[in-house]
$ cat input-v7.cif   # mmCIF, C-alpha atoms and all ligand atoms
data_final
#
loop_
_atom_site.label_atom_id
_atom_site.label_comp_id
_atom_site.auth_asym_id
_atom_site.auth_seq_id
_atom_site.Cartn_x
_atom_site.Cartn_y
_atom_site.Cartn_z
CA MET A 1 -24.72 92.59 -42.71
CA GLU A 2 -21.69 90.43 -42.03
CA LYS A 3 -22.37 90.04 -38.36
CA SER A 4 -26.00 89.02 -38.34
CA GLU A 5 -25.24 85.70 -36.59
CA SER A 6 -23.22 87.08 -33.74
CA VAL A 7 -25.44 89.97 -32.86
CA ILE A 8 -27.83 89.07 -30.19
CA GLN A 9 -30.17 91.13 -28.18
CA GLY A 10 -30.42 94.81 -28.85
CA PHE A 11 -29.57 94.63 -32.51
CA ALA A 12 -33.02 95.65 -33.69
CA ASN A 13 -33.11 98.49 -31.18
CA ARG A 14 -29.72 99.66 -32.16
CA ARG A 15 -30.41 99.64 -35.86
CA THR A 16 -33.54 101.59 -35.14
CA PHE A 17 -31.79 104.24 -33.11
CA LEU A 18 -28.89 104.50 -35.52
CA LYS A 19 -31.23 105.03 -38.45
CA ASN A 20 -33.44 107.37 -36.51
CA GLY A 21 -30.40 109.02 -35.08
CA MET A 22 -28.95 109.50 -38.50
CA MET A 23 -31.92 111.64 -39.40
CA ALA A 24 -32.26 113.48 -36.10
CA ALA A 25 -28.61 114.18 -35.41
CA GLY A 26 -27.99 114.96 -39.05
CA ALA A 27 -30.61 117.66 -38.81
CA THR A 28 -29.02 118.93 -35.60
CA ALA A 29 -25.63 119.05 -37.25
CA VAL A 30 -27.02 121.01 -40.17
CA ALA A 31 -28.72 123.39 -37.80
CA ALA A 32 -25.36 123.87 -36.09
CA GLY A 33 -23.73 124.57 -39.45
CA LEU A 34 -21.57 121.47 -39.27
CA LEU A 35 -22.86 119.57 -42.26
CA PRO A 36 -24.33 122.00 -44.72
CA GLY A 37 -26.33 120.19 -47.34
CA ARG A 38 -25.12 116.73 -46.36
CA VAL A 39 -28.21 115.27 -44.79
CA SER A 40 -29.95 113.80 -47.78
CA ALA A 41 -26.83 112.32 -49.33
CA PHE A 42 -25.88 110.78 -46.09
CA GLY A 43 -29.42 109.70 -45.33
CA GLU A 44 -29.35 107.62 -48.51
CA GLU A 45 -26.09 105.93 -47.54
CA ASP A 46 -26.61 102.21 -46.96
CA GLU A 47 -23.10 101.19 -45.91
CA LYS A 48 -22.99 101.90 -42.22
CA SER A 49 -19.20 102.15 -42.04
CA GLY A 50 -19.01 104.20 -45.24
CA ARG A 51 -15.40 104.76 -46.27
CA LEU A 52 -14.08 103.81 -42.83
CA THR A 53 -13.13 100.29 -41.87
CA LYS A 54 -15.83 98.53 -39.89
CA GLY A 55 -13.58 98.63 -36.84
CA ASP A 56 -12.76 102.33 -37.07
CA ALA A 57 -16.45 103.20 -37.49
CA ALA A 58 -17.33 101.02 -34.49
CA ILE A 59 -14.65 102.61 -32.30
CA LEU A 60 -15.73 106.13 -33.29
CA ARG A 61 -19.39 105.28 -32.69
CA PHE A 62 -18.63 103.98 -29.19
CA LEU A 63 -16.63 107.14 -28.49
CA ALA A 64 -19.49 109.28 -29.86
CA ALA A 65 -21.89 107.54 -27.48
CA ALA A 66 -19.52 108.05 -24.55
CA GLU A 67 -19.16 111.73 -25.45
CA ILE A 68 -22.94 112.20 -25.75
CA LEU A 69 -23.33 110.73 -22.26
CA GLU A 70 -20.46 112.87 -20.93
CA THR A 71 -22.05 115.96 -22.45
CA ASP A 72 -25.36 115.17 -20.82
CA LEU A 73 -23.86 114.85 -17.35
CA TRP A 74 -21.67 117.93 -17.74
CA VAL A 75 -24.66 119.98 -18.92
CA GLN A 76 -26.42 119.12 -15.66
CA TYR A 77 -23.39 120.28 -13.67
CA ASN A 78 -23.15 123.45 -15.73
CA GLU A 79 -26.83 124.34 -15.35
CA LEU A 80 -26.51 124.36 -11.54
CA GLY A 81 -22.83 125.04 -10.83
CA GLY A 82 -21.16 126.35 -13.96
CA VAL A 83 -21.39 129.45 -16.11
CA GLN A 84 -24.62 129.61 -18.10
CA ASP A 85 -23.93 131.61 -21.26
CA ASN A 86 -24.35 131.41 -25.01
CA GLU A 87 -21.44 128.97 -25.29
CA VAL A 88 -23.09 126.54 -22.87
CA PRO A 89 -26.74 127.58 -22.53
CA GLY A 90 -29.32 126.05 -20.20
CA GLY A 91 -30.21 126.50 -16.56
CA SER A 92 -29.72 129.58 -14.42
CA GLY A 93 -27.42 128.34 -11.63
CA SER A 94 -27.90 127.46 -7.98
CA ALA A 95 -26.11 130.00 -5.80
CA PRO A 96 -25.74 127.72 -2.73
CA TYR A 97 -24.39 124.82 -4.85
CA THR A 98 -22.06 127.11 -6.82
CA THR A 99 -20.74 128.63 -3.60
CA ALA A 100 -20.08 125.15 -2.20
CA LEU A 101 -18.23 124.16 -5.38
CA GLN A 102 -16.14 127.31 -5.08
CA VAL A 103 -14.82 126.07 -1.74
CA LEU A 104 -12.81 123.62 -3.87
CA ASP A 105 -11.60 126.46 -6.13
CA MET A 106 -13.00 129.91 -6.91
CA ASP A 107 -12.74 129.09 -10.62
CA MET A 108 -14.86 125.93 -10.45
CA PRO A 109 -17.80 127.46 -12.42
CA GLN A 110 -15.48 128.41 -15.29
CA TYR A 111 -13.81 124.98 -15.30
CA ILE A 112 -17.22 123.24 -15.29
CA HIS A 113 -18.34 125.43 -18.18
CA ASP A 114 -15.22 124.74 -20.20
CA ASN A 115 -15.30 121.00 -19.59
CA THR A 116 -18.95 120.99 -20.71
CA GLU A 117 -18.19 122.90 -23.88
CA ASP A 118 -15.32 120.52 -24.67
CA GLU A 119 -17.65 117.51 -24.41
CA PHE A 120 -20.14 119.12 -26.80
CA THR A 121 -17.35 119.58 -29.34
CA HIS A 122 -16.13 115.98 -28.90
CA GLU A 123 -19.62 114.65 -29.52
CA ASP A 124 -20.31 116.92 -32.47
CA PHE A 125 -16.92 116.38 -34.09
CA ILE A 126 -16.92 112.59 -33.93
CA ASN A 127 -20.46 112.32 -35.28
CA ALA A 128 -19.72 114.87 -38.02
CA TYR A 129 -16.56 112.95 -38.97
CA LEU A 130 -18.49 109.67 -39.16
CA ALA A 131 -21.08 111.40 -41.35
CA SER A 132 -18.37 112.91 -43.57
CA LYS A 133 -17.16 109.36 -44.26
CA GLY A 134 -20.65 108.11 -45.03
CA ALA A 135 -20.84 106.11 -41.80
CA ASP A 136 -23.84 105.87 -39.47
CA ILE A 137 -23.66 108.21 -36.53
CA VAL A 138 -24.99 107.86 -33.00
CA ASP A 139 -27.96 109.64 -31.53
CA LEU A 140 -29.24 108.76 -28.07
CA GLU A 141 -32.14 111.26 -28.00
CA PRO A 142 -34.78 108.48 -27.85
CA PHE A 143 -33.31 107.63 -24.42
CA ARG A 144 -33.59 111.16 -23.03
CA THR A 145 -36.21 110.16 -20.46
CA LEU A 146 -34.72 110.67 -16.97
CA PRO A 147 -36.25 113.49 -14.89
CA GLY A 148 -33.13 115.28 -13.57
CA SER A 149 -32.91 117.87 -10.82
CA LYS A 150 -35.94 119.83 -9.63
CA ALA A 151 -33.79 122.37 -7.80
CA THR A 152 -33.99 126.06 -8.70
CA GLY A 153 -31.54 126.72 -11.53
CA SER A 154 -32.07 123.41 -13.38
CA SER A 155 -33.59 123.69 -16.85
CA GLY A 156 -35.81 120.73 -15.94
CA LYS A 157 -35.33 119.10 -19.33
CA PRO A 158 -35.21 115.28 -19.58
CA ARG A 159 -31.77 113.69 -19.16
CA LEU A 160 -29.79 110.70 -20.41
CA THR A 161 -27.80 110.34 -17.18
CA ASN A 162 -28.61 110.37 -13.47
CA LEU A 163 -26.38 112.43 -11.16
CA MET A 164 -28.56 111.97 -8.11
CA GLU A 165 -27.85 108.34 -7.14
CA LEU A 166 -24.14 107.94 -7.77
CA THR A 167 -21.79 105.32 -6.40
CA VAL A 168 -18.45 107.00 -7.02
CA ASP A 169 -15.29 104.92 -7.45
CA THR A 170 -12.44 107.10 -6.14
CA SER A 171 -9.70 104.47 -6.48
CA TRP A 172 -8.11 106.54 -9.27
CA TRP A 173 -6.80 108.74 -6.47
CA THR A 174 -4.58 106.00 -5.06
CA ARG A 175 -4.02 104.34 -8.46
CA TYR A 176 -2.20 107.43 -9.80
CA ARG A 177 -0.21 107.73 -6.55
CA SER A 178 1.05 104.15 -6.50
CA ARG A 179 4.68 103.55 -7.51
CA THR A 180 4.38 99.76 -7.61
CA LYS A 181 0.96 98.84 -8.99
CA ASN A 182 -0.84 99.09 -12.31
CA PRO A 183 -4.45 97.99 -13.05
CA ASP A 184 -3.18 96.42 -16.31
CA PHE A 185 -1.35 93.90 -14.08
CA GLY A 186 -4.59 93.10 -12.24
CA ASP A 187 -3.76 95.31 -9.27
CA THR A 188 -6.54 96.94 -7.25
CA PHE A 189 -6.42 100.18 -5.29
CA PRO A 190 -7.99 101.54 -2.09
CA GLN A 191 -10.70 104.18 -2.26
CA ALA A 192 -9.84 107.77 -1.36
CA ILE A 193 -13.40 108.31 -0.10
CA PRO A 194 -14.61 104.82 0.92
CA SER A 195 -18.16 105.95 1.74
CA LEU A 196 -18.68 107.37 -1.77
CA ALA A 197 -17.92 103.95 -3.26
CA VAL A 198 -21.00 102.42 -1.61
CA GLY A 199 -24.60 103.59 -1.45
CA LYS A 200 -26.25 106.20 -3.66
CA HIS A 201 -25.20 109.83 -3.42
CA PRO A 202 -26.39 113.01 -5.15
CA ALA A 203 -23.72 115.07 -6.91
CA ILE A 204 -26.19 117.87 -7.68
CA PRO A 205 -29.01 119.22 -5.50
CA ARG A 206 -32.09 117.11 -6.25
CA THR A 207 -34.52 119.78 -5.00
CA ASP A 208 -34.13 122.99 -3.00
CA ASP A 209 -34.36 120.83 0.14
CA ASP A 210 -30.77 119.80 -0.61
CA LEU A 211 -29.50 123.39 -0.32
CA THR A 212 -29.39 123.27 3.49
CA PRO A 213 -27.86 122.74 5.98
CA HIS A 214 -24.46 124.06 4.92
CA ASP A 215 -22.52 120.82 5.33
CA HIS A 216 -25.12 118.90 3.31
CA ILE A 217 -24.79 121.02 0.17
CA GLN A 218 -21.01 121.00 0.75
CA ALA A 219 -21.11 117.17 0.82
CA ILE A 220 -22.98 117.26 -2.51
CA ALA A 221 -20.36 119.64 -3.96
CA ASN A 222 -17.57 117.42 -2.59
CA THR A 223 -19.23 114.41 -4.25
CA ALA A 224 -19.28 116.33 -7.54
CA GLY A 225 -15.65 117.31 -7.06
CA PHE A 226 -14.58 113.67 -6.87
CA HIS A 227 -17.03 112.56 -9.57
CA PHE A 228 -15.45 115.03 -12.01
CA GLY A 229 -12.11 113.22 -11.57
CA THR A 230 -13.74 109.80 -11.80
CA ILE A 231 -15.35 110.65 -15.15
CA GLU A 232 -12.34 112.31 -16.73
CA GLN A 233 -9.77 109.70 -15.67
CA GLY A 234 -12.06 107.24 -17.46
CA GLY A 235 -11.78 109.23 -20.69
CA THR A 236 -8.03 109.57 -20.12
CA SER A 237 -7.72 105.76 -20.26
CA LEU A 238 -10.41 105.04 -22.84
CA TYR A 239 -8.83 106.90 -25.75
CA PRO A 240 -5.33 105.35 -25.60
CA SER A 241 -6.92 101.95 -24.93
CA LEU A 242 -9.01 102.11 -28.12
CA ALA A 243 -6.30 103.86 -30.19
CA GLN A 244 -4.35 100.61 -30.26
CA ARG A 245 -7.00 99.03 -32.49
CA VAL A 246 -7.57 101.90 -34.93
CA THR A 247 -6.53 101.36 -38.57
CA SER A 248 -6.69 104.74 -40.35
CA VAL A 249 -3.98 107.25 -39.48
CA GLU A 250 -6.57 110.03 -39.61
CA VAL A 251 -8.85 108.23 -37.15
CA LEU A 252 -5.77 107.63 -34.99
CA ARG A 253 -5.07 111.36 -35.13
CA ILE A 254 -8.62 112.08 -33.93
CA VAL A 255 -8.32 109.65 -31.03
CA LEU A 256 -4.83 110.89 -30.10
CA SER A 257 -5.99 114.51 -30.23
CA ILE A 258 -9.15 114.18 -28.14
CA GLY A 259 -7.77 111.74 -25.55
CA PRO A 260 -5.20 114.13 -24.06
CA THR A 261 -7.87 116.79 -23.50
CA GLU A 262 -9.58 114.27 -21.23
CA ALA A 263 -6.26 114.05 -19.37
CA MET A 264 -6.15 117.85 -19.07
CA HIS A 265 -9.61 117.74 -17.53
CA PHE A 266 -8.61 114.93 -15.19
CA GLN A 267 -5.49 116.73 -14.05
CA THR A 268 -7.53 119.80 -13.15
CA TRP A 269 -10.18 117.83 -11.28
CA GLN A 270 -7.64 115.76 -9.39
CA ASP A 271 -6.11 118.98 -8.08
CA LYS A 272 -9.50 120.47 -7.09
CA ALA A 273 -10.83 117.29 -5.42
CA GLY A 274 -7.95 117.54 -2.96
CA ASN A 275 -9.47 120.80 -1.72
CA ALA A 276 -12.78 119.20 -0.71
CA PRO A 277 -13.19 120.07 2.98
CA PRO A 278 -13.31 117.15 5.45
CA LEU A 279 -16.87 116.71 6.74
CA THR A 280 -19.73 114.36 7.51
CA ASP A 281 -23.02 114.86 5.65
CA PRO A 282 -25.59 115.83 8.32
CA LYS A 283 -28.41 114.35 6.21
CA ASP A 284 -26.47 111.11 5.56
CA PRO A 285 -23.97 110.44 8.36
CA THR A 286 -22.60 107.42 6.46
CA LEU A 287 -21.05 109.85 3.96
CA VAL A 288 -17.71 111.03 5.32
CA PHE A 289 -15.02 113.05 3.56
CA PRO A 290 -11.83 112.39 5.53
CA ASN A 291 -8.74 114.57 5.78
CA LEU A 292 -6.63 112.87 3.13
CA ASN A 293 -3.42 114.40 4.53
CA ALA A 294 -3.86 112.93 8.05
CA PRO A 295 -3.64 109.35 9.41
CA PRO A 296 -4.92 106.78 8.63
CA PHE A 297 -4.71 108.47 5.22
CA GLY A 298 -1.79 110.70 4.22
CA GLY A 299 1.55 109.65 2.75
CA GLU A 300 2.23 109.13 -0.94
CA ASP A 301 -0.99 107.23 -1.58
CA PHE A 302 -3.28 110.05 -0.43
CA GLN A 303 -1.29 113.32 -0.14
CA THR A 304 -3.46 115.99 -1.78
CA ASN A 305 -0.75 118.04 -3.50
CA LEU A 306 0.68 114.95 -5.17
CA ILE A 307 -1.22 115.47 -8.41
CA MET A 308 1.28 114.39 -11.07
CA PRO A 309 1.18 110.66 -11.82
CA GLU A 310 3.73 108.66 -9.83
CA PRO A 311 5.86 106.48 -12.11
CA THR A 312 4.84 102.83 -11.94
CA VAL A 313 5.36 99.45 -13.56
CA PHE A 314 4.44 99.39 -17.27
CA LEU A 315 4.23 96.54 -19.79
CA ARG A 316 6.69 94.22 -17.99
CA GLY A 317 8.21 94.15 -14.55
CA SER A 318 11.69 93.85 -16.10
CA LEU A 319 11.39 97.36 -17.55
CA PRO A 320 11.97 100.52 -15.49
CA VAL A 321 9.00 102.29 -13.92
CA CYS A 322 7.40 105.01 -16.03
CA SER A 323 4.99 107.91 -15.45
CA ILE A 324 1.99 106.84 -17.52
CA VAL A 325 -1.76 106.84 -17.97
CA ARG A 326 -3.21 103.70 -16.39
CA PRO A 327 -4.94 101.48 -17.42
CA THR A 328 -4.32 101.40 -21.17
CA GLY A 329 -4.93 97.71 -21.89
CA THR A 330 -6.98 97.44 -25.07
CA LYS A 331 -8.78 94.12 -24.64
CA GLY A 332 -12.42 94.74 -23.76
CA ALA A 333 -11.74 98.43 -23.16
CA ALA A 334 -15.08 99.67 -24.51
CA MET A 335 -17.14 97.17 -22.52
CA GLY A 336 -15.00 98.00 -19.50
CA ALA A 337 -15.92 101.66 -19.88
CA ALA A 338 -19.62 100.86 -20.32
CA THR A 339 -19.55 98.63 -17.24
CA PHE A 340 -17.70 101.28 -15.23
CA LEU A 341 -20.24 103.99 -16.09
CA THR A 342 -23.15 101.65 -15.36
CA ALA A 343 -21.69 100.55 -12.01
CA MET A 344 -21.44 104.17 -10.84
CA GLY A 345 -25.22 104.48 -11.19
CA LEU A 346 -24.98 107.02 -13.98
CA PHE A 347 -27.79 105.29 -15.88
CA ARG A 348 -30.09 104.44 -12.96
CA GLY A 349 -33.66 104.58 -14.32
CA GLN A 350 -32.67 103.97 -17.96
CA SER A 351 -34.59 101.47 -20.10
CA PRO A 352 -33.45 97.95 -21.02
CA ALA A 353 -33.24 99.18 -24.64
CA PHE A 354 -30.67 101.79 -23.56
CA PHE A 355 -28.45 99.19 -21.89
CA ALA A 356 -28.80 96.86 -24.88
CA ALA A 357 -27.77 99.66 -27.24
CA LEU A 358 -24.79 100.64 -25.09
CA ARG A 359 -23.67 97.02 -24.82
CA ASP A 360 -24.00 96.53 -28.56
CA LEU A 361 -21.92 99.61 -29.36
CA ALA A 362 -19.24 98.46 -26.88
CA GLU A 363 -19.16 94.93 -28.30
CA ASP A 364 -18.67 96.24 -31.83
CA ALA A 365 -15.88 98.58 -30.69
CA ASP A 366 -14.14 95.74 -28.87
CA GLU A 367 -14.32 93.56 -32.00
CA ALA A 368 -12.31 96.18 -33.92
CA ARG A 369 -8.79 95.13 -34.94
CA ARG A 370 -6.06 97.05 -36.69
CA GLU A 371 -6.32 95.99 -40.32
CA CYS A 372 -2.57 95.33 -40.56
CA GLU A 373 -2.89 92.98 -37.60
CA ARG A 374 -5.80 91.25 -39.24
CA ARG A 375 -3.69 90.59 -42.34
CA ASP A 376 -0.98 89.05 -40.15
CA GLU A 377 -3.38 86.69 -38.42
FE FE B 1 -14.91 114.06 -23.99
FE FE B 2 -14.37 114.27 -20.68
#

$ encode --input "input-v7.cif" --output "structure tokens"
Amino acid sequence: MEKSESVIQGFANRRTFLKNGMMAAGATAVAAGLLPGRVSAFGEEDEKSGRLTKGDAAILRFLAAAEILETDLWVQYNELGGVQDNEVPGGSGSAPYTTALQVLDMDMPQYIHDNTEDEFTHEDFINAYLASKGADIVDLEPFRTLPGSKATGSSGKPRLTNLMELTVDTSWWTRYRSRTKNPDFGDTFPQAIPSLAVGKHPAIPRTDDDLTPHDHIQAIANTAGFHFGTIEQGGTSLYPSLAQRVTSVEVLRIVLSIGPTEAMHFQTWQDKAGNAPPLTDPKDPTLVFPNLNAPPFGGEDFQTNLIMPEPTVFLRGSLPVCSIVRPTGTKGAAMGAATFLTAMGLFRGQSPAFFAALRDLAEDADEARRECERRDE
């Protein structure tokens, strides 16, 4: 291994889970008909990047991990508030939670279902592609230890992510409405829902006690409505950020083809979040959803029907403003995503080995360089 010196804590764990994962997820892929007859050949593969460059394999593995985590959280939303069917099985729905979500849009269950299915396909495709190139794939099943919701409708199976103690950053709302600022220039943005950005908030009912009173389950649905946007704007930035360091044109095609679907999700959720009814959670009066169209909110920074990105400064101040995804800076993008997901409380209760593995995958992805650039250096 070329990098034995630089790899610190978590290396042993990660090698263990990649090797174990190779077996477990390979078997899953075969069961799903994705990799007929490939398991043994690929199980004997020693080169972890296979026919990919080390950097491309590392970027795809970080994206696979992110997609596995996305899938896990979306499955929890689908079990309680989506459409449970043979495309996205599991759970049996919570009528009070689903009804509260439908206040944001009658089609919320269908959108939740479709977003969940998309994440499954992202995860499966990236891992299957890695395997097809003889590269190690990612499997996080050993970390499926969190208890999840006990509310009626939940499957009750162990989870990778925690949707019951979230600290939701809603600054994407004002970031995409600003005409003068860009996070790639170091700019920061006010929160749309300041009280969601502090404390710990459930985005799904934790037990049936959360189903009443009405405004409490609505506050949980509102939290979910904003969390959907928070997650998907992250994916919208992550793919173009990492694409800049991909070498293979085919890997670039993968990244450029999945990334925009994250933007389609984000666009939908941004529109729906604006329909979250203003209220104060009767079981947690510190949680307030303000009317974003009225003072002290309102105006271009908050207006709820302003859902297309405002043009803003891009690359250099001397260039004209441009309607763009933001941020797209590539330096440290994977670690930035890992830190962002951790800070929102998505992994509260996870083991130190989980965080070490996530950090290690992010570090490797951030070490990736375009091969042509490397030759120029
Ligand atoms: Fe995804
Ligand atoms: Fe996504």

$ closest_residue --input "input-v7.cif" --among "A:Gly225, A:Pro202, A:Gly148, A:Gly153" --to "Thr268 of chain A" --atoms "only C-alpha atoms"
A:Gly225

$ atom_distance --input "input-v7.cif" --atom1 "atom CA of Thr53 of chain A" --atom2 "atom CA of Gly259 of chain A"
20.6 Å

$ residues_near_ligand --input "input-v7.cif" --ligand "ligand FE 2 (chain B)" --cutoff "7 Å" --atoms "all atoms listed in the file" --output "PDB file with C-alpha atoms, in the coordinates of the input"
ATOM      1  CA  GLU A  70     -20.460 112.870 -20.930  1.00  0.00           C
ATOM      2  CA  ASN A 115     -15.300 121.000 -19.590  1.00  0.00           C
ATOM      3  CA  GLU A 119     -17.650 117.510 -24.410  1.00  0.00           C
ATOM      4  CA  ILE A 231     -15.350 110.650 -15.150  1.00  0.00           C
ATOM      5  CA  GLU A 232     -12.340 112.310 -16.730  1.00  0.00           C
ATOM      6  CA  GLY A 235     -11.780 109.230 -20.690  1.00  0.00           C
ATOM      7  CA  GLU A 262      -9.580 114.270 -21.230  1.00  0.00           C
ATOM      8  CA  HIS A 265      -9.610 117.740 -17.530  1.00  0.00           C
TER       9      HIS A 265
END

$ closest_atom_pairs --input "input-v7.cif" --of "chain A" --to "ligand FE 1 (chain B)" --cutoff "12 Å" --atoms "only C-alpha atoms and all ligand atoms" --output "Markdown table"
| residue | atom | partner | partner_atom | distance |
| --- | --- | --- | --- | --- |
| A:Phe62 | CA | B:FE1 | FE | 11.9 |
| A:Leu63 | CA | B:FE1 | FE | 8.4 |
| A:Ala64 | CA | B:FE1 | FE | 8.8 |
| A:Ala65 | CA | B:FE1 | FE | 10.2 |
| A:Ala66 | CA | B:FE1 | FE | 7.6 |
| A:Glu67 | CA | B:FE1 | FE | 5.1 |
| A:Ile68 | CA | B:FE1 | FE | 8.4 |
| A:Leu69 | CA | B:FE1 | FE | 9.2 |
| A:Glu70 | CA | B:FE1 | FE | 6.4 |
| A:Thr71 | CA | B:FE1 | FE | 7.5 |
| A:Asp72 | CA | B:FE1 | FE | 11.0 |
| A:Leu73 | CA | B:FE1 | FE | 11.2 |
| A:Trp74 | CA | B:FE1 | FE | 10.0 |
| A:Asp114 | CA | B:FE1 | FE | 11.3 |
| A:Asn115 | CA | B:FE1 | FE | 8.2 |
| A:Thr116 | CA | B:FE1 | FE | 8.7 |
| A:Glu117 | CA | B:FE1 | FE | 9.4 |
| A:Asp118 | CA | B:FE1 | FE | 6.5 |
| A:Glu119 | CA | B:FE1 | FE | 4.4 |
| A:Phe120 | CA | B:FE1 | FE | 7.8 |
| A:Thr121 | CA | B:FE1 | FE | 8.1 |
| A:His122 | CA | B:FE1 | FE | 5.4 |
| A:Glu123 | CA | B:FE1 | FE | 7.3 |
| A:Asp124 | CA | B:FE1 | FE | 10.5 |
| A:Phe125 | CA | B:FE1 | FE | 10.6 |
| A:Ile126 | CA | B:FE1 | FE | 10.2 |
| A:Ile231 | CA | B:FE1 | FE | 9.5 |
| A:Glu232 | CA | B:FE1 | FE | 7.9 |
| A:Gln233 | CA | B:FE1 | FE | 10.7 |
| A:Gly234 | CA | B:FE1 | FE | 9.9 |
| A:Gly235 | CA | B:FE1 | FE | 6.6 |
| A:Thr236 | CA | B:FE1 | FE | 9.1 |
| A:Ser237 | CA | B:FE1 | FE | 11.6 |
| A:Leu238 | CA | B:FE1 | FE | 10.1 |
| A:Tyr239 | CA | B:FE1 | FE | 9.6 |
| A:Ile254 | CA | B:FE1 | FE | 11.9 |
| A:Val255 | CA | B:FE1 | FE | 10.6 |
| A:Ser257 | CA | B:FE1 | FE | 10.9 |
| A:Ile258 | CA | B:FE1 | FE | 7.1 |
| A:Gly259 | CA | B:FE1 | FE | 7.7 |
| A:Pro260 | CA | B:FE1 | FE | 9.7 |
| A:Thr261 | CA | B:FE1 | FE | 7.6 |
| A:Glu262 | CA | B:FE1 | FE | 6.0 |
| A:Ala263 | CA | B:FE1 | FE | 9.8 |
| A:Met264 | CA | B:FE1 | FE | 10.7 |
| A:His265 | CA | B:FE1 | FE | 9.1 |
| A:Phe266 | CA | B:FE1 | FE | 10.9 |

$ residues_around --input "input-v7.cif" --residues "Thr342 of chain A" --least-positions-apart "5" --cutoff "10 Å" --atoms "all atoms listed in the file" --output "PyMOL selection string"
chain A and resi 166-167+336-337+347-348+355+358

$ residues_around --input "input-v7.cif" --residues "Leu287 of chain A" --least-positions-apart "6" --cutoff "6 Å" --atoms "only C-alpha atoms" --output "count of residues only"
3

$ closest_residue --input "input-v7.cif" --among "A:Ala334, A:Ser155, A:Asp105, A:Thr328" --to "Leu60 of chain A" --atoms "all atoms listed in the file"
A:Ala334

$ atom_distance --input "input-v7.cif" --atom1 "atom CA of Lys331 of chain A" --atom2 "atom CA of Ala362 of chain A"
11.5 Å

$ closest_residue --input "input-v7.cif" --among "A:Glu79, A:Glu250, A:Asp139, A:Asp209" --to "Ser94 of chain A" --atoms "only C-alpha atoms"
A:Glu79

$ atom_distance --input "input-v7.cif" --atom1 "atom CA of Ala221 of chain A" --atom2 "atom CA of Leu140 of chain A"
27.9 Å

$ closest_residue --input "input-v7.cif" --among "A:Pro311, A:Leu160, A:Val246, A:Leu256" --to "Cys372 of chain A" --atoms "all atoms listed in the file"
A:Val246

$ closest_residue --input "input-v7.cif" --among "A:Glu165, A:Glu300, A:Glu141, A:Asp215" --to "Ala276 of chain A" --atoms "all atoms listed in the file"
A:Asp215

$ residues_around --input "input-v7.cif" --residues "Phe189 of chain A" --least-positions-apart "3" --cutoff "7 Å" --atoms "all atoms listed in the file" --output "JSON, numbers by chain"
{"A": [171, 174, 175]}

$ write_last_selection --input "input-v7.cif" --atoms "C-alpha atoms" --output "short mmCIF file (atom, residue, chain, number, x, y, z; two decimals), keeping the file's coordinate frame"
data_model
loop_
_atom_site.label_atom_id
_atom_site.label_comp_id
_atom_site.auth_asym_id
_atom_site.auth_seq_id
_atom_site.Cartn_x
_atom_site.Cartn_y
_atom_site.Cartn_z
CA SER A 171 -9.70 104.47 -6.48
CA THR A 174 -4.58 106.00 -5.06
CA ARG A 175 -4.02 104.34 -8.46
#

$ closest_residue --input "input-v7.cif" --among "A:Pro190, A:Gly274, A:Gly156, A:Gly91" --to "Thr223 of chain A" --atoms "only C-alpha atoms"
A:Gly274

$ residues_near_point --input "input-v7.cif" --point "(-17.4, 100.7, -33.8)" --cutoff "9 Å" --atoms "only C-alpha atoms" --output "VMD selection string"
chain A and resid 49 54 to 63 361 to 368

$ residues_around --input "input-v7.cif" --residues "His214 of chain A" --least-positions-apart "3" --cutoff "12 Å" --atoms "all atoms listed in the file" --output "count of residues only"
18

$ residues_around --input "input-v7.cif" --residues "Pro278 of chain A" --least-positions-apart "6" --cutoff "7 Å" --atoms "only C-alpha atoms" --output "tab-separated table (two decimals) with C-alpha atoms, in the coordinates of the input"
chain	number	residue	atom	x	y	z
A	289	PHE	CA	-15.02	113.05	3.56
A	290	PRO	CA	-11.83	112.39	5.53
A	291	ASN	CA	-8.74	114.57	5.78

$ decode --input "input-v7.cif" --residues "segment 167-171 of chain A" --atoms "N, CA, C and O atoms" --output "PDB file, in the first residue's frame"
ATOM      1  N   THR A 167     -29.929  18.874  14.006  1.00  0.00           N
ATOM      2  CA  THR A 167     -29.655  20.307  14.065  1.00  0.00           C
ATOM      3  C   THR A 167     -29.545  20.746  12.603  1.00  0.00           C
ATOM      4  O   THR A 167     -28.551  20.469  11.943  1.00  0.00           O
ATOM      5  N   VAL A 168     -30.612  21.357  12.090  1.00  0.00           N
ATOM      6  CA  VAL A 168     -30.735  21.522  10.637  1.00  0.00           C
ATOM      7  C   VAL A 168     -30.269  22.910  10.186  1.00  0.00           C
ATOM      8  O   VAL A 168     -30.867  23.929  10.554  1.00  0.00           O
ATOM      9  N   ASP A 169     -29.210  22.915   9.382  1.00  0.00           N
ATOM     10  CA  ASP A 169     -28.696  24.158   8.797  1.00  0.00           C
ATOM     11  C   ASP A 169     -29.600  24.534   7.614  1.00  0.00           C
ATOM     12  O   ASP A 169     -29.655  23.807   6.616  1.00  0.00           O
ATOM     13  N   THR A 170     -30.318  25.643   7.742  1.00  0.00           N
ATOM     14  CA  THR A 170     -31.209  26.090   6.666  1.00  0.00           C
ATOM     15  C   THR A 170     -30.657  27.328   5.949  1.00  0.00           C
ATOM     16  O   THR A 170     -31.408  28.075   5.319  1.00  0.00           O
ATOM     17  N   SER A 171     -29.329  27.524   6.025  1.00  0.00           N
ATOM     18  CA  SER A 171     -28.754  28.711   5.378  1.00  0.00           C
ATOM     19  C   SER A 171     -28.737  28.577   3.852  1.00  0.00           C
ATOM     20  O   SER A 171     -28.531  29.576   3.160  1.00  0.00           O
TER      21      SER A 171
END
